[in-house]
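The next block is target.cif, given as mmCIF, C-alpha atoms, pLDDT in the B column; chains and numbers go by the auth columns.
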```
data_target
loop_
_atom_site.group_PDB
_atom_site.id
_atom_site.type_symbol
_atom_site.label_atom_id
_atom_site.label_comp_id
_atom_site.label_asym_id
_atom_site.label_seq_id
_atom_site.Cartn_x
_atom_site.Cartn_y
_atom_site.Cartn_z
_atom_site.B_iso_or_equiv
_atom_site.auth_seq_id
_atom_site.auth_asym_id
ATOM 1 C CA MET A 1 28.228 194.390 163.044 43.00 1 E
ATOM 2 C CA GLU A 2 26.497 193.873 159.743 43.00 2 E
ATOM 3 C CA SER A 3 29.329 195.557 157.895 46.00 3 E
ATOM 4 C CA ASN A 4 31.862 193.376 159.716 46.00 4 E
ATOM 5 C CA GLU A 5 29.904 190.216 158.939 44.00 5 E
ATOM 6 C CA SER A 6 29.632 191.160 155.279 45.00 6 E
ATOM 7 C CA THR A 7 33.368 191.808 155.213 43.00 7 E
ATOM 8 C CA VAL A 8 34.055 188.405 156.715 39.00 8 E
ATOM 9 C CA ARG A 9 31.744 186.709 154.203 43.00 9 E
ATOM 10 C CA GLU A 10 33.368 188.530 151.295 41.00 10 E
ATOM 11 C CA SER A 11 36.877 187.618 152.445 41.00 11 E
ATOM 12 C CA THR A 12 35.827 184.012 152.997 42.00 12 E
ATOM 13 C CA THR A 13 34.271 183.879 149.564 42.00 13 E
ATOM 14 C CA ALA A 14 37.355 185.429 148.035 41.00 14 E
ATOM 15 C CA ASP A 15 39.547 182.938 149.852 44.00 15 E
ATOM 16 C CA ASN A 16 37.411 180.080 148.667 43.00 16 E
ATOM 17 C CA LYS A 17 37.601 181.327 145.099 42.00 17 E
ATOM 18 C CA VAL A 18 41.393 181.514 145.205 41.00 18 E
ATOM 19 C CA VAL A 19 42.323 178.503 147.339 39.00 19 E
ATOM 20 C CA ALA A 20 39.781 175.880 146.305 38.00 20 E
ATOM 21 C CA PRO A 21 40.733 175.602 142.603 38.00 21 E
ATOM 22 C CA THR A 22 44.412 175.287 143.487 37.00 22 E
ATOM 23 C CA GLU A 23 43.723 172.465 145.954 37.00 23 E
ATOM 24 C CA LEU A 24 41.474 170.692 143.458 32.00 24 E
ATOM 25 C CA THR A 25 44.087 170.965 140.722 35.00 25 E
ATOM 26 C CA ILE A 26 46.803 169.459 142.901 31.00 26 E
ATOM 27 C CA SER A 27 44.633 166.620 144.155 36.00 27 E
ATOM 28 C CA ALA A 28 43.444 165.806 140.652 36.00 28 E
ATOM 29 C CA GLU A 29 46.776 165.876 138.826 39.00 29 E
ATOM 30 C CA MET A 30 49.473 164.657 141.206 40.00 30 E
ATOM 31 C CA PRO A 31 48.201 161.128 142.018 44.00 31 E
ATOM 32 C CA GLY A 32 47.527 160.303 138.380 48.00 32 E
ATOM 33 C CA ASN A 33 50.962 161.428 137.234 56.00 33 E
ATOM 34 C CA ALA A 34 52.663 159.519 140.030 57.00 34 E
ATOM 35 C CA GLU A 35 50.771 156.318 139.254 57.00 35 E
ATOM 36 C CA SER A 36 51.502 156.550 135.511 60.00 36 E
ATOM 37 C CA ASN A 37 55.200 157.203 136.159 63.00 37 E
ATOM 38 C CA ILE A 38 55.416 154.252 138.551 65.00 38 E
ATOM 39 C CA GLY A 39 53.626 151.981 136.085 65.00 39 E
ATOM 40 C CA LEU A 40 55.904 153.041 133.231 65.00 40 E
ATOM 41 C CA GLU A 41 58.969 152.530 135.397 72.00 41 E
ATOM 42 C CA LEU A 42 57.852 149.019 136.375 76.00 42 E
ATOM 43 C CA GLN A 43 57.200 148.136 132.746 77.00 43 E
ATOM 44 C CA THR A 44 60.653 149.374 131.778 76.00 44 E
ATOM 45 C CA GLU A 45 62.313 147.340 134.545 82.00 45 E
ATOM 46 C CA ASN A 46 60.454 144.192 133.473 83.00 46 E
ATOM 47 C CA LEU A 47 61.477 144.732 129.859 82.00 47 E
ATOM 48 C CA ILE A 48 65.118 145.206 130.886 84.00 48 E
ATOM 49 C CA GLU A 49 65.046 141.921 132.832 87.00 49 E
ATOM 50 C CA THR A 50 63.520 140.163 129.817 85.00 50 E
ATOM 51 C CA TYR A 51 66.197 141.651 127.577 85.00 51 E
ATOM 52 C CA GLN A 52 68.918 140.395 129.937 88.00 52 E
ATOM 53 C CA VAL A 53 67.451 136.879 129.726 88.00 53 E
ATOM 54 C CA MET A 54 67.475 137.147 125.919 86.00 54 E
ATOM 55 C CA ALA A 55 71.105 138.288 125.968 88.00 55 E
ATOM 56 C CA ASP A 56 71.985 135.284 128.164 91.00 56 E
ATOM 57 C CA TRP A 57 70.385 132.957 125.599 90.00 57 E
ATOM 58 C CA ILE A 58 72.587 134.459 122.885 91.00 58 E
ATOM 59 C CA ARG A 59 75.714 134.018 125.020 92.00 59 E
ATOM 60 C CA PHE A 60 74.771 130.418 125.809 94.00 60 E
ATOM 61 C CA ALA A 61 74.323 129.664 122.098 93.00 61 E
ATOM 62 C CA ASP A 62 77.768 131.123 121.333 94.00 62 E
ATOM 63 C CA ALA A 63 79.296 129.121 124.179 94.00 63 E
ATOM 64 C CA LYS A 64 77.744 125.898 122.880 94.00 64 E
ATOM 65 C CA ALA A 65 79.075 126.625 119.396 94.00 65 E
ATOM 66 C CA GLY A 66 82.538 127.066 120.883 94.00 66 E
ATOM 67 C CA VAL A 67 82.257 123.712 122.650 94.00 67 E
ATOM 68 C CA VAL A 68 81.199 122.056 119.382 94.00 68 E
ATOM 69 C CA LEU A 69 84.255 123.459 117.604 94.00 69 E
ATOM 70 C CA THR A 70 86.552 122.309 120.412 93.00 70 E
ATOM 71 C CA VAL A 71 85.141 118.776 120.629 92.00 71 E
ATOM 72 C CA GLY A 72 84.896 118.372 116.856 91.00 72 E
ATOM 73 C CA GLY A 73 88.445 119.591 116.333 90.00 73 E
ATOM 74 C CA ALA A 74 89.825 117.221 118.969 90.00 74 E
ATOM 75 C CA PHE A 75 87.861 114.300 117.536 87.00 75 E
ATOM 76 C CA GLY A 76 89.008 115.059 114.001 86.00 76 E
ATOM 77 C CA GLY A 77 92.612 115.351 115.162 86.00 77 E
ATOM 78 C CA LEU A 78 92.318 111.904 116.736 84.00 78 E
ATOM 79 C CA LEU A 79 90.635 110.361 113.708 85.00 79 E
ATOM 80 C CA ILE A 80 92.873 111.465 110.838 81.00 80 E
ATOM 81 C CA PRO A 81 96.180 109.914 112.080 81.00 81 E
ATOM 82 C CA THR A 82 94.484 106.546 112.631 81.00 82 E
ATOM 83 C CA MET A 83 93.300 106.532 109.026 75.00 83 E
ATOM 84 C CA ARG A 84 96.876 106.790 107.786 72.00 84 E
ATOM 85 C CA THR A 85 97.969 104.005 110.120 73.00 85 E
ATOM 86 C CA PHE A 86 95.100 101.787 109.000 71.00 86 E
ATOM 87 C CA LEU A 87 95.860 102.250 105.293 66.00 87 E
ATOM 88 C CA ALA A 88 99.580 101.575 105.786 67.00 88 E
ATOM 89 C CA ALA A 89 98.834 98.341 107.635 67.00 89 E
ATOM 90 C CA GLN A 90 96.687 96.866 104.847 64.00 90 E
ATOM 91 C CA PRO A 91 98.446 94.031 102.932 58.00 91 E
ATOM 92 C CA SER A 92 98.596 94.336 99.165 57.00 92 E
ATOM 93 C CA ASP A 93 97.398 90.734 98.596 56.00 93 E
ATOM 94 C CA ALA A 94 94.325 90.970 100.811 54.00 94 E
ATOM 95 C CA THR A 95 91.293 89.055 99.525 53.00 95 E
ATOM 96 C CA ASP A 96 88.575 91.006 101.344 62.00 96 E
ATOM 97 C CA TYR A 97 88.819 94.284 99.440 70.00 97 E
ATOM 98 C CA TRP A 98 85.460 95.515 100.703 73.00 98 E
ATOM 99 C CA TRP A 99 86.576 95.776 104.338 76.00 99 E
ATOM 100 C CA PRO A 100 89.060 98.642 103.917 78.00 100 E
ATOM 101 C CA TRP A 101 86.504 100.492 101.813 81.00 101 E
ATOM 102 C CA LEU A 102 83.923 100.046 104.550 84.00 102 E
ATOM 103 C CA VAL A 103 86.335 101.430 107.132 84.00 103 E
ATOM 104 C CA LEU A 104 87.212 104.346 104.880 85.00 104 E
ATOM 105 C CA GLY A 105 83.520 104.999 104.280 88.00 105 E
ATOM 106 C CA LEU A 106 82.856 105.208 108.007 89.00 106 E
ATOM 107 C CA SER A 107 85.777 107.576 108.549 88.00 107 E
ATOM 108 C CA SER A 108 84.770 109.731 105.568 89.00 108 E
ATOM 109 C CA ALA A 109 81.198 109.994 106.849 92.00 109 E
ATOM 110 C CA CYS A 110 82.525 111.027 110.250 92.00 110 E
ATOM 111 C CA LEU A 111 84.765 113.714 108.778 92.00 111 E
ATOM 112 C CA LEU A 112 81.998 115.008 106.520 94.00 112 E
ATOM 113 C CA LEU A 113 79.615 115.372 109.462 95.00 113 E
ATOM 114 C CA LEU A 114 82.320 117.187 111.421 94.00 114 E
ATOM 115 C CA VAL A 115 82.790 119.643 108.562 94.00 115 E
ATOM 116 C CA ILE A 116 79.029 120.296 108.456 96.00 116 E
ATOM 117 C CA ALA A 117 79.016 120.748 112.234 95.00 117 E
ATOM 118 C CA PHE A 118 81.835 123.294 111.964 95.00 118 E
ATOM 119 C CA PHE A 119 79.891 125.147 109.268 96.00 119 E
ATOM 120 C CA PHE A 120 76.777 125.553 111.437 96.00 120 E
ATOM 121 C CA ALA A 121 78.884 126.415 114.489 95.00 121 E
ATOM 122 C CA PHE A 122 80.593 129.214 112.583 95.00 122 E
ATOM 123 C CA LEU A 123 77.195 130.424 111.360 93.00 123 E
ATOM 124 C CA CYS A 124 76.113 130.634 114.996 93.00 124 E
ATOM 125 C CA LEU A 125 79.190 132.659 115.943 92.00 125 E
ATOM 126 C CA THR A 126 78.943 134.989 112.932 90.00 126 E
ATOM 127 C CA PRO A 127 77.529 138.422 113.865 86.00 127 E
ATOM 128 C CA PHE A 128 73.903 138.876 112.820 85.00 128 E
ATOM 129 C CA ARG A 129 73.512 141.252 109.862 83.00 129 E
ATOM 130 C CA ILE A 130 70.789 142.320 107.432 82.00 130 E
ATOM 131 C CA LYS A 131 72.241 143.761 104.228 80.00 131 E
ATOM 132 C CA GLY A 132 75.554 144.204 105.989 79.00 132 E
ATOM 133 C CA LYS A 133 74.178 146.151 108.971 83.00 133 E
ATOM 134 C CA HIS A 134 72.933 145.238 112.423 83.00 134 E
ATOM 135 C CA PRO A 135 69.170 145.930 112.697 83.00 135 E
ATOM 136 C CA ALA A 136 69.633 147.822 115.983 85.00 136 E
ATOM 137 C CA ALA A 137 71.827 150.445 114.301 82.00 137 E
ATOM 138 C CA GLN A 138 68.762 152.457 113.228 82.00 138 E
ATOM 139 C CA THR A 139 66.141 151.494 115.808 84.00 139 E
ATOM 140 C CA CYS A 140 67.992 151.698 119.139 86.00 140 E
ATOM 141 C CA PRO A 141 70.201 154.827 119.126 85.00 141 E
ATOM 142 C CA HIS A 142 70.009 155.275 122.931 83.00 142 E
ATOM 143 C CA PHE A 143 69.875 151.690 124.225 83.00 143 E
ATOM 144 C CA HIS A 144 71.731 149.131 122.096 83.00 144 E
ATOM 145 C CA SER A 145 75.508 149.436 121.826 83.00 145 E
ATOM 146 C CA VAL A 146 75.385 149.095 118.032 85.00 146 E
ATOM 147 C CA GLY A 147 72.804 151.871 117.732 86.00 147 E
ATOM 148 C CA ILE A 148 74.649 154.190 120.114 86.00 148 E
ATOM 149 C CA ALA A 149 77.999 153.718 118.369 87.00 149 E
ATOM 150 C CA GLY A 150 76.368 154.166 114.967 85.00 150 E
ATOM 151 C CA LYS A 151 74.723 157.483 115.808 87.00 151 E
ATOM 152 C CA TYR A 152 77.183 159.131 118.201 89.00 152 E
ATOM 153 C CA ARG A 153 80.943 159.445 118.130 89.00 153 E
ATOM 154 C CA ILE A 154 82.944 158.785 121.265 89.00 154 E
ATOM 155 C CA ASP A 155 83.420 162.516 121.847 91.00 155 E
ATOM 156 C CA GLN A 156 79.694 163.349 121.528 91.00 156 E
ATOM 157 C CA LEU A 157 78.781 162.778 125.155 89.00 157 E
ATOM 158 C CA ASN A 158 76.631 165.913 125.478 90.00 158 E
ATOM 159 C CA GLU A 159 74.714 165.110 122.291 89.00 159 E
ATOM 160 C CA PHE A 160 74.086 161.565 123.509 87.00 160 E
ATOM 161 C CA ILE A 161 72.808 162.755 126.908 87.00 161 E
ATOM 162 C CA GLN A 162 70.611 165.384 125.256 88.00 162 E
ATOM 163 C CA GLY A 163 69.138 162.835 122.849 86.00 163 E
ATOM 164 C CA TYR A 164 68.437 160.420 125.693 84.00 164 E
ATOM 165 C CA GLN A 165 66.699 163.136 127.730 85.00 165 E
ATOM 166 C CA GLN A 166 64.597 164.177 124.744 85.00 166 E
ATOM 167 C CA ALA A 167 63.498 160.600 124.146 80.00 167 E
ATOM 168 C CA GLN A 168 62.298 160.386 127.778 78.00 168 E
ATOM 169 C CA ARG A 169 61.127 157.165 129.364 76.00 169 E
ATOM 170 C CA ALA A 170 58.512 156.348 126.729 78.00 170 E
ATOM 171 C CA GLY A 171 61.043 156.695 123.906 81.00 171 E
ATOM 172 C CA PHE A 172 63.551 154.573 125.804 82.00 172 E
ATOM 173 C CA GLN A 173 60.871 151.907 126.235 83.00 173 E
ATOM 174 C CA ARG A 174 60.174 151.872 122.485 86.00 174 E
ATOM 175 C CA GLU A 175 63.874 151.318 121.793 87.00 175 E
ATOM 176 C CA LEU A 176 63.931 148.556 124.401 86.00 176 E
ATOM 177 C CA LEU A 177 60.989 146.818 122.731 88.00 177 E
ATOM 178 C CA ALA A 178 62.748 147.080 119.365 88.00 178 E
ATOM 179 C CA ALA A 179 65.887 145.533 120.892 88.00 179 E
ATOM 180 C CA LEU A 180 63.794 142.685 122.314 89.00 180 E
ATOM 181 C CA LEU A 181 62.321 141.981 118.885 90.00 181 E
ATOM 182 C CA ILE A 182 65.737 142.030 117.203 90.00 182 E
ATOM 183 C CA ASP A 183 67.501 139.896 119.817 89.00 183 E
ATOM 184 C CA SER A 184 64.680 137.353 119.837 90.00 184 E
ATOM 185 C CA HIS A 185 65.293 136.701 116.133 90.00 185 E
ATOM 186 C CA ILE A 186 69.049 136.595 116.734 91.00 186 E
ATOM 187 C CA SER A 187 68.701 134.046 119.543 92.00 187 E
ATOM 188 C CA VAL A 188 66.341 131.844 117.498 92.00 188 E
ATOM 189 C CA THR A 189 68.722 131.882 114.511 93.00 189 E
ATOM 190 C CA LYS A 190 71.726 131.075 116.697 94.00 190 E
ATOM 191 C CA TYR A 191 69.974 128.198 118.458 94.00 191 E
ATOM 192 C CA LYS A 192 68.852 126.703 115.142 95.00 192 E
ATOM 193 C CA ASN A 193 72.431 126.685 113.883 95.00 193 E
ATOM 194 C CA VAL A 194 73.984 125.397 117.100 95.00 194 E
ATOM 195 C CA SER A 195 71.321 122.659 117.381 95.00 195 E
ATOM 196 C CA ARG A 196 72.138 121.450 113.875 95.00 196 E
ATOM 197 C CA SER A 197 75.821 121.552 114.736 96.00 197 E
ATOM 198 C CA ILE A 198 75.335 119.478 117.895 95.00 198 E
ATOM 199 C CA ARG A 199 73.297 116.868 116.004 95.00 199 E
ATOM 200 C CA CYS A 200 76.014 116.584 113.354 95.00 200 E
ATOM 201 C CA VAL A 201 78.662 116.061 116.035 94.00 201 E
ATOM 202 C CA ALA A 202 76.506 113.388 117.666 94.00 202 E
ATOM 203 C CA PHE A 203 76.132 111.458 114.396 95.00 203 E
ATOM 204 C CA ALA A 204 79.828 111.960 113.648 93.00 204 E
ATOM 205 C CA SER A 205 80.649 110.401 117.012 91.00 205 E
ATOM 206 C CA LEU A 206 78.628 107.321 116.108 92.00 206 E
ATOM 207 C CA PHE A 207 80.362 106.939 112.755 92.00 207 E
ATOM 208 C CA GLY A 208 83.724 107.619 114.366 89.00 208 E
ATOM 209 C CA LEU A 209 83.155 104.988 117.029 89.00 209 E
ATOM 210 C CA ALA A 210 82.132 102.467 114.369 89.00 210 E
ATOM 211 C CA TYR A 211 85.272 103.359 112.409 86.00 211 E
ATOM 212 C CA LEU A 212 87.576 102.886 115.396 84.00 212 E
ATOM 213 C CA VAL A 213 86.042 99.482 116.115 85.00 213 E
ATOM 214 C CA ALA A 214 86.177 98.359 112.497 81.00 214 E
ATOM 215 C CA ALA A 215 89.781 99.528 112.098 79.00 215 E
ATOM 216 C CA GLN A 216 90.924 97.024 114.708 77.00 216 E
ATOM 217 C CA PHE A 217 90.174 94.050 112.438 72.00 217 E
#
```
Have the structure of the file written as structure tokens, please.
Amino acid sequence: MESNESTVRESTTADNKVVAPTELTISAEMPGNAESNIGLELQTENLIETYQVMADWIRFADAKAGVVLTVGGAFGGLLIPTMRTFLAAQPSDATDYWWPWLVLGLSSACLLLLVIAFFFAFLCLTPFRIKGKHPAAQTCPHFHSVGIAGKYRIDQLNEFIQGYQQAQRAGFQRELLAALLIDSHISVTKYKNVSRSIRCVAFASLFGLAYLVAAQF
């Protein structure tokens, strides 16, 4: 009996020595890894949503610049023919010489403001570059379209997939943060230009309205 009991104790001890460390290792490592992966995934999803909002801001700025060009072009096309009609209708022996000059001054101010508005609108629509290159070309080779196209050819699918897998989720998140930084500066620059363009069109409308009223007399 004693020999059997000692055998049972030895086998139990041996089992405890083999099984216990494995169970402790699993319980200690698995929950932490799962929680860190979930947290990193949630951070990445939030950053992607923020980047989509930033991209929408850029598209809205470009759309507003397009509206400015359309409205300004239509207004200028309406204004220029009336100037020719007004000048042709002026009598040569008119005594109030200052009135035609006032009307021409209003129309010239309107056209000048429209030209300035077009300039800022085109600046808004111009692709953002630093020394001739997009900033994302070097910092986002696996996220931004400019960076991907700059690093990989269209036939390098395997190289692109391998590079993305080597970067892993943390590397992808760094590229996403870099894209957020770049696009934030792009959106701010575009909105500055389109805001100036809209203000110029607004002032041009006031001068144009004053011109149309003054041209009737």
(request) Considering only C-alpha atoms, return as a PyMOL selection string whatever protein or nucleic-acid residues lie within 10 Å of Phe217 in chain E, sequence-local ones (same chain, fewer than 3 positions apart) excluded. (result) chain E and resi 86+99-100+103+212-214
(message) So, with all atoms listed in the file as the atoms that count, which of E:Ile182, E:Val53, E:Leu79, E:Val188 lies closest to Leu106 in chain E?
(response)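 Closest residue, counting all atoms listed in the file: E:Leu79.
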At a cut-off of 7 Å, can you tabulate as a tab-separated table every residue of range 132-209 of chain E near range 56-77 of chain E together with its closest atom pair and the distance in Å to one decimal, using all atoms listed in the file and ordering rows by chain then number?
```
residue	atom	partner	partner_atom	distance
E:Ser187	CA	E:Ile58	CA	5.1
E:Lys190	CA	E:Ala61	CA	6.2
E:Tyr191	CA	E:Ala61	CA	5.9
E:Val194	CA	E:Ala65	CA	5.7
E:Ile198	CA	E:Val68	CA	6.6
E:Val201	CA	E:Gly72	CA	6.7
```
How would the residues just picked look written out with C-alpha atoms as a short mmCIF file (atom, residue, chain, number, x, y, z; two decimals), in the coordinates of the input?
```cif
data_model
loop_
_atom_site.label_atom_id
_atom_site.label_comp_id
_atom_site.auth_asym_id
_atom_site.auth_seq_id
_atom_site.Cartn_x
_atom_site.Cartn_y
_atom_site.Cartn_z
CA SER E 187 68.70 134.05 119.54
CA LYS E 190 71.73 131.07 116.70
CA TYR E 191 69.97 128.20 118.46
CA VAL E 194 73.98 125.40 117.10
CA ILE E 198 75.33 119.48 117.90
CA VAL E 201 78.66 116.06 116.04
#
```
(request) Give as a PyMOL selection string the residues that the PyMOL selection byres ((chain E and resi 151) around 9) matches when applied to the coordinates above. (result) chain E and resi 137-138+141-142+146-150+152-153+160
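CA of Asp155 in chain E is found 27.4 Å from CA of Leu177 in chain E.
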(request) Given the file shown, determine the residues that the PyMOL selection byres ((chain E and resi 105) around 12) selects; report them as a ChimeraX atom specification. (result) /E:83,98-104,106-112,207-208,210-211,214-215
(request) Would you work out the distance separating CA of Ala167 in chain E from CA of Asn46 in chain E, expressed in Å to one decimal? (result)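 Atom-to-atom, CA of Ala167 in chain E to CA of Asn46 in chain E, that is 19.1 Å.
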